[in-house]
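> Supplied structure: start.txt, compact mmCIF, C-alpha atoms.
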```txt
# COMPACT_ATOMS: atom_id res chain seq x y z
CA MET A 1 10.59 -111.77 0.78
CA SER A 2 7.35 -112.81 -0.85
CA HIS A 3 5.25 -110.18 -2.52
CA VAL A 4 3.03 -112.11 -4.90
CA THR A 5 0.24 -110.02 -6.33
CA ILE A 6 -2.14 -110.00 -9.29
CA LEU A 7 -1.04 -107.81 -12.17
CA ASN A 8 -3.63 -105.16 -12.95
CA ILE A 9 -4.12 -106.32 -16.52
CA GLU A 10 -7.48 -107.52 -17.70
CA VAL A 11 -6.47 -110.37 -19.97
CA LYS A 12 -9.28 -111.88 -21.99
CA LYS A 13 -7.39 -113.64 -24.73
CA LEU A 14 -4.32 -115.79 -24.25
CA LYS A 15 -3.44 -115.39 -27.92
CA ALA A 16 -3.05 -111.64 -27.48
CA LEU A 17 -1.03 -112.19 -24.32
CA LYS A 18 1.30 -114.51 -26.21
CA LYS A 19 1.73 -111.87 -28.91
CA ALA A 20 2.48 -109.30 -26.20
CA CYS A 21 5.16 -111.61 -24.81
CA THR A 22 6.72 -112.02 -28.25
CA ARG A 23 6.66 -108.27 -28.73
CA LEU A 24 8.64 -107.76 -25.51
CA GLY A 25 10.99 -110.68 -26.01
CA LEU A 26 9.44 -112.69 -23.18
CA ILE A 27 9.26 -116.47 -23.34
CA TRP A 28 5.84 -118.11 -23.20
CA LYS A 29 6.00 -121.46 -21.40
CA GLU A 30 2.91 -123.37 -22.48
CA ASP A 31 1.44 -125.75 -19.88
CA VAL A 32 4.29 -125.13 -17.47
CA LYS A 33 2.55 -125.39 -14.13
CA THR A 34 4.94 -123.53 -11.88
CA TYR A 35 6.58 -120.13 -12.03
CA ARG A 36 9.66 -118.95 -10.21
CA TRP A 37 9.13 -116.71 -7.19
CA PHE A 38 10.60 -116.31 -3.72
CA GLY A 39 9.18 -119.73 -2.99
CA ARG A 40 7.85 -119.24 0.50
CA PHE A 41 5.00 -117.09 1.76
CA MET A 42 6.30 -114.92 4.60
CA GLY A 43 3.00 -113.28 5.52
CA ASP A 44 4.47 -109.82 5.04
CA TYR A 45 2.09 -108.96 2.24
CA PRO A 46 -1.60 -109.78 1.63
CA LEU A 47 -2.33 -112.87 -0.41
CA PRO A 48 -3.68 -112.17 -3.89
CA LYS A 49 -7.48 -112.13 -3.70
CA GLY A 50 -8.96 -115.56 -4.29
CA PHE A 51 -5.70 -117.43 -3.74
CA LYS A 52 -4.46 -119.62 -0.90
CA VAL A 53 -0.88 -119.90 0.22
CA SER A 54 -0.71 -123.32 -1.39
CA ASP A 55 -1.72 -121.79 -4.74
CA LEU A 56 1.34 -119.57 -4.89
CA GLY A 57 3.92 -120.72 -7.39
CA HIS A 58 1.34 -122.73 -9.33
CA CYS A 59 -0.12 -121.67 -12.66
CA THR A 60 -1.60 -122.80 -15.97
CA HIS A 61 1.21 -121.34 -18.08
CA ALA A 62 4.31 -119.37 -17.19
CA ILE A 63 6.12 -116.41 -18.68
CA GLN A 64 9.87 -116.20 -18.47
CA VAL A 65 11.35 -112.74 -18.44
CA PRO A 66 14.94 -112.66 -19.67
CA GLU A 67 17.27 -110.88 -17.22
CA ALA A 68 14.85 -111.56 -14.34
CA ASP A 69 15.12 -114.41 -11.85
CA TYR A 70 11.42 -114.63 -11.13
CA GLU A 71 8.65 -115.43 -13.61
CA ILE A 72 5.00 -114.55 -14.18
CA GLY A 73 2.33 -117.17 -13.54
CA VAL A 74 -0.65 -117.20 -15.90
CA VAL A 75 -3.63 -118.64 -14.05
CA VAL A 76 -6.77 -119.62 -15.97
CA ARG A 77 -9.59 -120.02 -13.44
CA GLU A 78 -12.45 -122.48 -13.81
CA ASN A 79 -14.75 -119.67 -14.96
CA GLY A 80 -12.30 -118.79 -17.72
CA GLU A 81 -10.97 -115.70 -15.99
CA ILE A 82 -7.29 -115.14 -16.65
CA GLN A 83 -5.04 -113.71 -13.96
CA LEU A 84 -1.37 -112.96 -13.96
CA LEU A 85 0.60 -113.52 -10.76
CA TRP A 86 4.05 -112.25 -10.02
CA ASP A 87 6.35 -111.70 -7.09
CA PHE A 88 7.41 -108.09 -7.48
CA TRP A 89 10.13 -108.23 -4.80
CA HIS A 90 13.01 -106.34 -6.37
CA ALA A 91 15.44 -109.24 -6.06
CA GLY A 92 13.34 -111.14 -8.59
CA GLY A 93 13.95 -108.50 -11.22
CA LEU A 94 10.46 -108.43 -12.74
CA GLU A 95 9.66 -104.80 -12.05
CA ALA A 96 13.08 -103.78 -13.29
CA GLU A 97 12.27 -105.40 -16.62
CA LEU A 98 8.54 -104.73 -16.98
CA GLY A 99 8.08 -101.51 -15.02
CA GLN A 100 6.07 -100.81 -11.92
CA GLY A 101 2.96 -102.94 -11.91
CA GLY A 102 4.12 -104.59 -15.14
CA TRP A 103 2.97 -101.66 -17.25
CA LYS A 104 5.13 -102.68 -20.21
CA LEU A 105 3.28 -105.98 -20.46
CA GLU A 106 -0.04 -104.20 -20.06
CA GLN A 107 0.87 -101.76 -22.82
CA ALA A 108 1.96 -104.55 -25.16
CA TYR A 109 -1.20 -106.54 -24.40
CA ILE A 110 -3.50 -103.58 -25.12
CA ILE A 111 -1.88 -102.94 -28.48
CA GLU A 112 -1.73 -106.59 -29.57
CA GLU A 113 -5.31 -107.27 -28.47
CA SER A 114 -6.51 -104.13 -30.27
CA LYS A 115 -4.73 -105.23 -33.45
CA MET A 116 -6.29 -108.68 -33.24
CA GLU A 117 -9.77 -107.27 -32.77
CA ALA A 118 -9.27 -104.79 -35.61
CA GLU A 119 -8.26 -107.63 -37.94
CA ILE A 120 -11.21 -109.77 -36.84
CA ASN A 121 -13.54 -106.87 -37.65
CA GLY A 122 -11.88 -106.16 -40.99
CA HIS A 123 -10.24 -102.85 -40.11
CA SER A 124 -6.76 -101.73 -41.06
CA TYR A 125 -4.54 -99.94 -38.55
CA GLN A 126 -1.28 -98.09 -38.06
CA GLU A 127 0.83 -98.10 -34.93
CA GLN A 128 2.88 -95.22 -33.61
CA THR A 129 5.16 -94.88 -30.59
CA ASN A 130 5.25 -91.36 -29.22
CA GLU A 131 8.24 -89.59 -27.72
CA ASN A 132 6.62 -89.79 -24.27
CA GLY A 133 6.51 -93.58 -24.47
CA ASP A 134 2.81 -93.91 -25.17
CA VAL A 135 1.89 -96.27 -27.99
CA GLU A 136 -1.04 -95.35 -30.22
CA LEU A 137 -3.00 -97.52 -32.59
CA TYR A 138 -5.03 -95.78 -35.30
CA ILE A 139 -7.84 -98.04 -36.49
CA ASP A 140 -9.48 -97.00 -39.74
CA MET A 141 -13.25 -97.38 -39.62
CA VAL A 142 -14.21 -97.34 -43.29
CA MET B 1 -11.72 -90.78 -42.34
CA PRO B 2 -13.51 -92.05 -39.21
CA ARG B 3 -11.12 -93.85 -36.92
CA ILE B 4 -10.58 -95.13 -33.42
CA ILE B 5 -7.39 -94.22 -31.60
CA VAL B 6 -6.23 -96.55 -28.83
CA THR B 7 -3.55 -95.11 -26.60
CA ALA B 8 -1.66 -97.54 -24.36
CA LYS B 9 0.12 -95.29 -21.92
CA LYS B 10 3.61 -95.50 -20.59
CA GLY B 11 3.25 -96.37 -16.92
CA GLY B 12 -0.11 -98.07 -17.40
CA GLY B 13 -3.65 -97.26 -18.43
CA MET B 14 -5.27 -96.62 -21.75
CA THR B 15 -7.74 -94.43 -23.55
CA ILE B 16 -9.96 -94.98 -26.55
CA LYS B 17 -10.83 -91.97 -28.66
CA THR B 18 -13.09 -91.81 -31.69
CA GLU B 19 -12.61 -89.30 -34.49
CA GLY B 20 -14.73 -88.49 -37.50
CA PHE B 21 -18.04 -89.75 -36.11
CA ARG B 22 -20.67 -87.15 -35.43
CA GLY B 23 -22.87 -87.22 -32.37
CA PRO B 24 -23.28 -89.95 -29.78
CA GLU B 25 -23.01 -92.67 -32.44
CA CYS B 26 -19.27 -92.57 -31.78
CA LEU B 27 -19.90 -94.36 -28.48
CA ASN B 28 -21.30 -97.38 -30.28
CA LYS B 29 -18.56 -97.42 -32.91
CA SER B 30 -15.91 -98.39 -30.40
CA LYS B 31 -18.01 -100.73 -28.29
CA TRP B 32 -16.58 -103.89 -29.90
CA LEU B 33 -13.13 -102.81 -28.87
CA GLU B 34 -14.11 -101.74 -25.36
CA GLU B 35 -15.69 -105.13 -24.76
CA ALA B 36 -12.56 -106.89 -25.97
CA LEU B 37 -10.22 -104.83 -23.85
CA GLY B 38 -12.22 -104.85 -20.64
CA THR B 39 -13.34 -102.29 -18.19
CA THR B 40 -10.32 -100.16 -17.34
CA ILE B 41 -11.01 -97.73 -20.14
CA LYS B 42 -11.45 -93.99 -20.24
CA ILE B 43 -13.40 -92.79 -23.24
CA GLU B 44 -12.53 -89.33 -24.46
CA GLU B 45 -15.28 -87.43 -26.18
CA THR B 46 -14.08 -85.17 -28.95
CA ALA B 47 -15.86 -82.05 -30.12
CA GLU B 48 -17.61 -84.13 -32.75
CA PHE B 49 -19.51 -85.91 -30.00
CA TYR B 50 -21.52 -82.74 -29.47
CA GLU B 51 -22.27 -82.23 -33.14
CA ALA B 52 -25.48 -83.43 -34.68
CA PRO B 53 -25.17 -86.69 -36.59
CA VAL B 54 -25.13 -86.36 -40.33
CA GLU B 55 -27.87 -88.32 -42.01
CA VAL B 56 -26.61 -90.14 -45.05
CA ILE B 57 -29.22 -90.94 -47.63
CA MET B 58 -28.20 -93.50 -50.15
CA ASP B 59 -29.88 -93.94 -53.48
CA GLN B 60 -30.76 -97.52 -54.01
CA GLU B 61 -31.83 -99.12 -57.21
CA VAL B 62 -34.14 -102.01 -56.86
CA ASN B 63 -34.25 -104.42 -59.71
CA SER B 64 -37.57 -106.13 -59.98
```
In structure tokens, write the structure found in this file.

Amino acid sequence: MSHVTILNIEVKKLKALKKACTRLGLIWKEDVKTYRWFGRFMGDYPLPKGFKVSDLGHCTHAIQVPEADYEIGVVVRENGEIQLLWDFWHAGGLEAELGQGGWKLEQAYIIEESKMEAEINGHSYQEQTNENGDVELYIDMV
Amino acid sequence: MPRIIVTAKKGGGMTIKTEGFRGPECLNKSKWLEEALGTTIKIEETAEFYEAPVEVIMDQEVNS
């Protein structure tokens, strides 16, 4: 089955996304123009907004997720907007590795991007993982 | 010490909280981070938001 959708992560900086991948043990595949998915659009799920059937499986960079058969496609649009595409059909294994909606990647991205911005603005920080699974970043503003 | 606390939640979503800033100035103190992270942000206002800002007067020596 084909269930390609856009991950609900607002990615603004590829550098932070790469750091998030490293944090999770994912493999960044620079300039790899295809990502693994079911491979055929079956029409059983809406196309991702702004994409044609022929766009599916094509990307600017790809992210390999160890233990999963499918991959994530990183698409950089002409206007600079960055979108992440994945086929969340369970057989591909992505949701099993990254959580529903890819929340583990979102969480890693938020923390890595926040760290980067804190460093750029000259602030120190401490990171803490809570028992409930939330990750907190304390940015000192002196 | 004034600080910003970013919470990336298990299951998705995030919050940004400011601590140690008095009054509505806290909203501006985290703006750089909000802009970097995008729009899916919930800002939590702590009790300090409703306190009057403290005016800090600094003595400055001017050498002529």
> With 8 Å as the limit and counting all atoms listed in the file, what residues in chain B lie close to chain A? Please list them as number ranges by chain.
B: 1-14, 33, 36-40
> Give me, please, the distance in Å between atom CA of A:Pro46 and atom CA of A:Ala16, quoted to one decimal.
29.2 Å
> List as a ChimeraX atom specification the protein and nucleic acid residues near A:Pro66, meaning an atom at most 9 Å away when only C-alpha atoms are counted, but skip any in the same chain fewer than 2 places from it.
/A:25-27,64,68-69,97
> Name all residues at most 9 Å from A:Gly92 (count all atoms listed in the file; drop same-chain ones fewer than 2 positions away) and give them as a ChimeraX atom specification.
/A:36-38,68-71,87-90,94-96
> In Å, rounded to a single decimal, give me how far atom CA of A:Ala91 is from atom CA of A:Lys19.
26.8 Å
> Between atom CA of A:Ala62 and atom CA of A:Met42, what is the distance, to one decimal in Å?
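About the pair atom CA of A:Ala62 and atom CA of A:Met42: they are 22.3 Å apart.
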> Could you give me, as a ChimeraX atom specification, the residues that sit within 12 Å of (9.8, -113.1, 5.3) in the file's coordinates, counting only C-alpha atoms?
/A:1-3,38-45,89
> As a compact mmCIF listing (two decimals), keeping the file's coordinate frame, could you write out stretch 7-18 of chain B once it has been completed with all heavy atoms?

```txt
# COMPACT_ATOMS: atom_id res chain seq x y z
N THR B 7 -4.83 -95.54 -27.17
CA THR B 7 -3.55 -95.11 -26.60
C THR B 7 -3.24 -95.97 -25.38
O THR B 7 -3.97 -95.95 -24.40
CB THR B 7 -3.60 -93.63 -26.19
OG1 THR B 7 -3.98 -92.84 -27.32
CG2 THR B 7 -2.24 -93.16 -25.69
N ALA B 8 -2.15 -96.74 -25.49
CA ALA B 8 -1.66 -97.54 -24.36
C ALA B 8 -0.53 -96.73 -23.72
O ALA B 8 0.51 -96.51 -24.34
CB ALA B 8 -1.16 -98.90 -24.84
N LYS B 9 -0.76 -96.29 -22.51
CA LYS B 9 0.12 -95.29 -21.92
C LYS B 9 1.34 -95.89 -21.25
O LYS B 9 1.28 -96.98 -20.66
CB LYS B 9 -0.67 -94.47 -20.90
CG LYS B 9 -1.84 -93.75 -21.55
CD LYS B 9 -2.37 -92.66 -20.69
CE LYS B 9 -3.34 -91.81 -21.50
NZ LYS B 9 -3.80 -90.64 -20.80
N LYS B 10 2.42 -95.14 -21.35
CA LYS B 10 3.61 -95.50 -20.59
C LYS B 10 3.26 -95.38 -19.10
O LYS B 10 2.68 -94.38 -18.67
CB LYS B 10 4.75 -94.53 -20.92
CG LYS B 10 6.01 -94.81 -20.15
CD LYS B 10 7.08 -93.79 -20.47
CE LYS B 10 8.35 -94.10 -19.67
NZ LYS B 10 9.41 -93.12 -19.92
N GLY B 11 3.56 -96.39 -18.35
CA GLY B 11 3.25 -96.37 -16.92
C GLY B 11 1.93 -97.03 -16.59
O GLY B 11 1.62 -97.25 -15.43
N GLY B 12 1.14 -97.36 -17.63
CA GLY B 12 -0.11 -98.07 -17.40
C GLY B 12 -1.33 -97.25 -17.72
O GLY B 12 -1.30 -96.02 -17.67
N GLY B 13 -2.40 -97.93 -18.10
CA GLY B 13 -3.65 -97.26 -18.43
C GLY B 13 -3.80 -97.06 -19.93
O GLY B 13 -2.83 -97.18 -20.69
N MET B 14 -5.02 -96.79 -20.33
CA MET B 14 -5.27 -96.62 -21.75
C MET B 14 -6.47 -95.72 -21.97
O MET B 14 -7.27 -95.48 -21.06
CB MET B 14 -5.55 -97.97 -22.40
CG MET B 14 -6.84 -98.62 -21.93
SD MET B 14 -7.30 -100.03 -22.90
CE MET B 14 -7.67 -99.25 -24.44
N THR B 15 -6.55 -95.17 -23.16
CA THR B 15 -7.74 -94.43 -23.55
C THR B 15 -8.16 -94.90 -24.93
O THR B 15 -7.34 -95.38 -25.71
CB THR B 15 -7.50 -92.90 -23.60
OG1 THR B 15 -6.47 -92.63 -24.53
CG2 THR B 15 -7.13 -92.35 -22.24
N ILE B 16 -9.45 -94.74 -25.20
CA ILE B 16 -9.96 -94.98 -26.55
C ILE B 16 -10.65 -93.69 -27.00
O ILE B 16 -11.48 -93.15 -26.27
CB ILE B 16 -10.98 -96.13 -26.59
CG1 ILE B 16 -10.29 -97.45 -26.25
CG2 ILE B 16 -11.64 -96.22 -27.95
CD1 ILE B 16 -11.22 -98.63 -26.25
N LYS B 17 -10.26 -93.21 -28.15
CA LYS B 17 -10.83 -91.97 -28.66
C LYS B 17 -11.39 -92.24 -30.06
O LYS B 17 -10.76 -92.95 -30.84
CB LYS B 17 -9.74 -90.90 -28.72
CG LYS B 17 -10.24 -89.52 -29.03
CD LYS B 17 -9.21 -88.45 -28.69
CE LYS B 17 -8.00 -88.50 -29.57
NZ LYS B 17 -7.07 -87.38 -29.32
N THR B 18 -12.54 -91.68 -30.33
CA THR B 18 -13.09 -91.81 -31.69
C THR B 18 -12.96 -90.47 -32.39
O THR B 18 -13.10 -89.42 -31.78
CB THR B 18 -14.56 -92.25 -31.67
OG1 THR B 18 -15.31 -91.33 -30.89
CG2 THR B 18 -14.71 -93.64 -31.09
```
